[in-house]
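Trainee: I have a structure here, written as structure tokens, and I will follow up with some questions on it.
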Amino acid sequence: MTALRDGPASATRKGRPPADLGHINWPEQDNRIPREVYLDEALYAVEMDRLFAGPYWVLVGHEAEIPDRGDYKTTHVGSVPLIIVRDMDGELHALVNSCAHRGTALVHDNRGNLADRKCFTCIYHNWRYDLGGKLIAAALKEDFPVDFSRDQYGLPAARLDSYRGALFVSLSDDAPPLLEYLGETAEGLDLALGDGDLIYLGSQKVMFECNWKIAAENIYDGYHTVSLHKAFQMLQVRAAGGSQNLPDHNSYGHVWNEYRTGPAQRADFLRDTSILALKSKDEPSNRIVNIFPIGIVSDQIDTLSLRFAIPRGVAATEMQFAVFARRGDSDELVRHRVRQGSNLFGPEGFISLEDQTALSRVHDGAPGRGDNVVLKGTLARFPPYRILDEAGIRHFYAAYRRAVGL
Ligand code: FES
Ligand SMILES: [Fe+2]
């Protein structure tokens, strides 16, 4: 069932017949992943339907990104384009970014403010909607069918809820309440987001040349951090203890990493080492919360960020990095957060650039057939895993397989 409000775009229809996924041969062992799942177009279509439009909540932003009346941002949940908007009464909505007339995307940019116009205007035939999605004007409607009523042509709205200001959307009426969905993983969000009163500093957007599941696996993979990430090795920054918690591992496979980093042992090859400074807290405590299917909230050193991964076809994943400060931070700390958020952890920073390369090469290797295997940490059947383990990938795929029906 769809949560999208009645309207032509969501008129009741029979669901598509389930695609035949019989050609995908998933091995018995839960630590093996058949490589074809990164390449298969039929499976991708099923993921969009049953997973991203299914009974789950997808992280789409933070309230701090749209603090004022009229603020909006655009995103996608699976393949569905959405506008996340604060209306003129201050209420938040997740509206389908698709005109009820002939489907033109109403908003084309990443974000903005419409407090002056107070409406979305379609460029094609000039229909106008208020910021809650209600159709308020349709041009030249005298020759429309006599029973035409603007009430029938609002923008479909998806379910929207927030926790500590983090915004989640569900396209399904069958998703459980958000708090139930998050389960004990909410504790990780409490630690990372605090009271949720954040200031949005900016975003970066980049395209990863890989299937979205390869990007999802990366967050469960502590194993690569000591091999791939040369900056950590050169600086001799070490994870000094920590764990990967999957408190509700039987349901959704969310993971919540908590670890401490020792200070850099060497930084003499950097002209300026201030990028590494810890200014916002006394202890080098770090948290990365990964919410199924693929939303990331992280508080690492002084970088407070939300990352959104949007599948853009079977071989492309759009990654958005949004960086935040806490209300009350000094100007100096805010500047430091922006700099560290982009130059250390951002898409062109010391860390993520290497991930992007590795992930695209995992995708390039997928046509080699056979299975990918998950080994490190699998002696422990259940979490908590150690911070350098990759075992949590099994839990992601347990939830994934339930979602897509494999
Ligand atoms: S498609 Fe939007 S007004 Fe025609
Ligand atoms: Fe990494």
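Note on naming: chains are A, B, ... as they come in the structure tokens, residues start from 1 per chain, ligands start from 1 in the order shown.
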Show me which residues sit within 6 Å of ligand 1 when counting only C-alpha atoms and all ligand atoms, and put them as an MDAnalysis selection string.

Mentor: chainID A and resid 99 101:104 122 124:127

Trainee: Please run DSSP on the backbone and report, as an MDAnalysis selection string, all residues within region 203-323 of chain A that come out as alpha helix (DSSP H).

Mentor: chainID A and resid 212:220 230:235

Trainee: Could you please determine the separation between CA of Asp40 (chain A) and CA of Asn211 (chain A) in Å, to one decimal place?

Mentor: 9.9 Å

Trainee: Please identify all protein, DNA and RNA residues within 12 Å of ligand 2, counting only C-alpha atoms and all ligand atoms, and report them as a ChimeraX atom specification.

Mentor: /A:214-232,288,344-347,349-359,388,390

Trainee: For Leu201 (chain A), work out the shell of residues within 7 Å, counting only C-alpha atoms and skipping chain neighbours fewer than 6 positions away, then give it as a list in words.

Mentor: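 Once the adjacent positions are removed, what remains is Val323, Phe324, Ala325 and Val338 of chain A.
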
Trainee: What are the DSSP strand (DSSP E) residues of region 174-300 of chain A, as JSON, numbers by chain?

Mentor: {"A": [198, 199, 200, 201, 202, 203, 204, 205, 206, 207, 208, 239, 240, 241, 242, 243, 244, 245, 255, 256, 257, 258, 259, 260, 261, 285, 286, 287, 288, 289, 290, 291, 295, 296, 297, 298, 299, 300]}

Trainee: Go through A:Gly194, A:Gly313, A:Gly133, A:Pro263 and flag the residue nearest Ala45 (chain A), using only C-alpha atoms for the distances.

Mentor: A:Gly313

Trainee: Counting only C-alpha atoms, what is within 12 Å of Asp329 (chain A), bar same-chain residues fewer than 5 positions away, as a ChimeraX atom specification?

Mentor: /A:197-199,201,279-281,302,324,334-337

Trainee: Using only C-alpha atoms, which protein or nucleic acid residues come within 8 Å of region 315-317 of chain A? Drop anything in the same chain fewer than 3 positions from it, and give the result as a list of chain:residue names.

Mentor: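 So the residues in contact are A:Tyr38, A:Leu39, A:Met207, A:Phe208, A:Glu209, A:Cys210, A:Asn211, A:Trp212, A:Ala215, A:Ala309, A:Ile310, A:Pro311, A:Arg312, A:His363.
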
Trainee: Suppose you want the space between CA of Phe292 (chain A) and CA of Gly370 (chain A); what is it in Å?

Mentor: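 Between CA of Phe292 (chain A) and CA of Gly370 (chain A) the gap works out to 25.6 Å.
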
Trainee: Using only C-alpha atoms for the distances, tell me which of A:Arg260, A:Arg287, A:Arg339, A:Arg266 is nearest to Gln236 (chain A).

Mentor: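 Looking only at the distances to Gln236 (chain A), the closest residue turns out to be A:Arg266.
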
Trainee: Between A:Asn97, A:Ala139, A:Val77, A:Val255, which one has atoms that come closest to Ala399 (chain A), using only C-alpha atoms?

Mentor: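 Among A:Asn97, A:Ala139, A:Val77, A:Val255, it is A:Val255 that comes nearest to Ala399 (chain A).
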
Trainee: For region 161-174 of chain A, work out the shell of residues within 8 Å, counting only C-alpha atoms and skipping chain neighbours fewer than 4 positions away, then give it as a PyMOL selection string.

Mentor: chain A and resi 1-4+52-64+77+94+178-179+189-190+193-197

Trainee: Selected residues, N, CA and C atoms, written as a PDB file, in the first residue's frame, please.

Mentor:
ATOM      1  N   MET A   1       0.850  -1.187   0.000  1.00  0.00           N
ATOM      2  CA  MET A   1       0.000   0.000   0.000  1.00  0.00           C
ATOM      3  C   MET A   1       0.887   1.239   0.000  1.00  0.00           C
ATOM      4  N   THR A   2       0.397   2.260  -0.620  1.00  0.00           N
ATOM      5  CA  THR A   2       1.224   3.468  -0.662  1.00  0.00           C
ATOM      6  C   THR A   2       0.703   4.527   0.293  1.00  0.00           C
ATOM      7  N   ALA A   3       1.632   5.261   0.890  1.00  0.00           N
ATOM      8  CA  ALA A   3       1.243   6.354   1.782  1.00  0.00           C
ATOM      9  C   ALA A   3       0.954   7.612   0.993  1.00  0.00           C
ATOM     10  N   LEU A   4       1.203   7.583  -0.291  1.00  0.00           N
ATOM     11  CA  LEU A   4       1.023   8.793  -1.081  1.00  0.00           C
ATOM     12  C   LEU A   4      -0.462   9.121  -1.146  1.00  0.00           C
ATOM     13  N   PHE A  52      12.771   0.575  -1.244  1.00  0.00           N
ATOM     14  CA  PHE A  52      12.699   2.031  -1.058  1.00  0.00           C
ATOM     15  C   PHE A  52      11.252   2.529  -0.989  1.00  0.00           C
ATOM     16  N   ALA A  53      10.327   1.875  -1.661  1.00  0.00           N
ATOM     17  CA  ALA A  53       8.918   2.262  -1.511  1.00  0.00           C
ATOM     18  C   ALA A  53       8.210   1.322  -0.536  1.00  0.00           C
ATOM     19  N   GLY A  54       8.961   0.496   0.156  1.00  0.00           N
ATOM     20  CA  GLY A  54       8.395  -0.481   1.076  1.00  0.00           C
ATOM     21  C   GLY A  54       8.296   0.052   2.498  1.00  0.00           C
ATOM     22  N   PRO A  55       8.013  -0.830   3.476  1.00  0.00           N
ATOM     23  CA  PRO A  55       7.715  -0.403   4.850  1.00  0.00           C
ATOM     24  C   PRO A  55       8.959  -0.059   5.661  1.00  0.00           C
ATOM     25  N   TYR A  56       9.700   0.907   5.202  1.00  0.00           N
ATOM     26  CA  TYR A  56      10.956   1.335   5.833  1.00  0.00           C
ATOM     27  C   TYR A  56      10.949   2.859   5.903  1.00  0.00           C
ATOM     28  N   TRP A  57      11.891   3.398   6.659  1.00  0.00           N
ATOM     29  CA  TRP A  57      12.053   4.856   6.738  1.00  0.00           C
ATOM     30  C   TRP A  57      13.419   5.214   6.158  1.00  0.00           C
ATOM     31  N   VAL A  58      13.438   6.183   5.279  1.00  0.00           N
ATOM     32  CA  VAL A  58      14.686   6.575   4.615  1.00  0.00           C
ATOM     33  C   VAL A  58      15.114   7.958   5.131  1.00  0.00           C
ATOM     34  N   LEU A  59      16.363   8.066   5.566  1.00  0.00           N
ATOM     35  CA  LEU A  59      16.898   9.355   6.040  1.00  0.00           C
ATOM     36  C   LEU A  59      16.979  10.324   4.865  1.00  0.00           C
ATOM     37  N   VAL A  60      16.358  11.497   4.988  1.00  0.00           N
ATOM     38  CA  VAL A  60      16.360  12.456   3.860  1.00  0.00           C
ATOM     39  C   VAL A  60      16.936  13.822   4.220  1.00  0.00           C
ATOM     40  N   GLY A  61      17.224  14.060   5.500  1.00  0.00           N
ATOM     41  CA  GLY A  61      17.742  15.387   5.826  1.00  0.00           C
ATOM     42  C   GLY A  61      17.691  15.652   7.313  1.00  0.00           C
ATOM     43  N   HIS A  62      17.910  16.917   7.648  1.00  0.00           N
ATOM     44  CA  HIS A  62      17.786  17.363   9.035  1.00  0.00           C
ATOM     45  C   HIS A  62      16.985  18.655   9.031  1.00  0.00           C
ATOM     46  N   GLU A  63      16.169  18.825  10.063  1.00  0.00           N
ATOM     47  CA  GLU A  63      15.333  20.040  10.133  1.00  0.00           C
ATOM     48  C   GLU A  63      16.159  21.309  10.008  1.00  0.00           C
ATOM     49  N   ALA A  64      17.421  21.248  10.459  1.00  0.00           N
ATOM     50  CA  ALA A  64      18.278  22.434  10.393  1.00  0.00           C
ATOM     51  C   ALA A  64      18.572  22.849   8.951  1.00  0.00           C
ATOM     52  N   VAL A  77      13.586   9.359  -2.763  1.00  0.00           N
ATOM     53  CA  VAL A  77      13.543   8.122  -1.975  1.00  0.00           C
ATOM     54  C   VAL A  77      13.390   7.013  -3.006  1.00  0.00           C
ATOM     55  N   ALA A  94       6.679  16.206   2.913  1.00  0.00           N
ATOM     56  CA  ALA A  94       7.476  15.530   1.877  1.00  0.00           C
ATOM     57  C   ALA A  94       6.539  15.336   0.694  1.00  0.00           C
ATOM     58  N   LEU A 178       8.280   5.540  13.477  1.00  0.00           N
ATOM     59  CA  LEU A 178       9.720   5.760  13.297  1.00  0.00           C
ATOM     60  C   LEU A 178      10.541   5.258  14.490  1.00  0.00           C
ATOM     61  N   LEU A 179      10.074   5.541  15.702  1.00  0.00           N
ATOM     62  CA  LEU A 179      10.859   5.136  16.874  1.00  0.00           C
ATOM     63  C   LEU A 179      11.005   3.629  16.958  1.00  0.00           C
ATOM     64  N   LEU A 189      21.844   7.872  17.770  1.00  0.00           N
ATOM     65  CA  LEU A 189      21.454   9.207  17.298  1.00  0.00           C
ATOM     66  C   LEU A 189      21.445  10.208  18.448  1.00  0.00           C
ATOM     67  N   ASP A 190      21.045   9.749  19.646  1.00  0.00           N
ATOM     68  CA  ASP A 190      21.073  10.646  20.813  1.00  0.00           C
ATOM     69  C   ASP A 190      22.491  11.150  21.035  1.00  0.00           C
ATOM     70  N   LEU A 193      23.649  13.359  17.746  1.00  0.00           N
ATOM     71  CA  LEU A 193      22.931  14.599  17.440  1.00  0.00           C
ATOM     72  C   LEU A 193      22.619  15.440  18.672  1.00  0.00           C
ATOM     73  N   GLY A 194      22.795  14.871  19.869  1.00  0.00           N
ATOM     74  CA  GLY A 194      22.491  15.616  21.089  1.00  0.00           C
ATOM     75  C   GLY A 194      21.024  16.006  21.104  1.00  0.00           C
ATOM     76  N   ASP A 195      20.740  17.270  21.416  1.00  0.00           N
ATOM     77  CA  ASP A 195      19.325  17.679  21.465  1.00  0.00           C
ATOM     78  C   ASP A 195      18.771  17.953  20.060  1.00  0.00           C
ATOM     79  N   GLY A 196      19.599  17.791  19.033  1.00  0.00           N
ATOM     80  CA  GLY A 196      19.112  17.957  17.660  1.00  0.00           C
ATOM     81  C   GLY A 196      19.057  19.400  17.210  1.00  0.00           C
ATOM     82  N   ASP A 197      19.494  20.330  18.081  1.00  0.00           N
ATOM     83  CA  ASP A 197      19.431  21.760  17.732  1.00  0.00           C
ATOM     84  C   ASP A 197      20.712  22.125  16.978  1.00  0.00           C
TER      85      ASP A 197
END

Trainee: Quick one: everything within 8 Å of Tyr129 (chain A), counting only C-alpha atoms, minus sequence neighbours fewer than 3 positions away in the same chain. Send it as number ranges by chain.

Mentor: A: 119-121, 132-137, 154-155

Trainee: Could you tell me how far CA of Leu51 (chain A) sits from CA of Ala403 (chain A), in Å to one decimal place?

Mentor: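 One can read the CA of Ala403 (chain A) to CA of Leu51 (chain A) distance as 5.4 Å.
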
Trainee: Determine, using only C-alpha atoms, which residues of region 48-151 of chain A have any atom at most 12 Å from an atom of region 19-37 of chain A, and tabulate each with its shortest atom pair and distance in Å to one decimal place, rows ordered by chain and then rising number, as CSV.

Mentor:
residue,atom,partner,partner_atom,distance
A:Met48,CA,A:Ala19,CA,12.0
A:Asp49,CA,A:Ala19,CA,10.4
A:Arg50,CA,A:Ala19,CA,10.8

Trainee: Closest to Asp282 (chain A) among A:Leu106, A:Leu92, A:Ile301, A:Leu114, using only C-alpha atoms?

Mentor: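 Ranking A:Leu106, A:Leu92, A:Ile301, A:Leu114 by distance to Asp282 (chain A), first place goes to A:Ile301.
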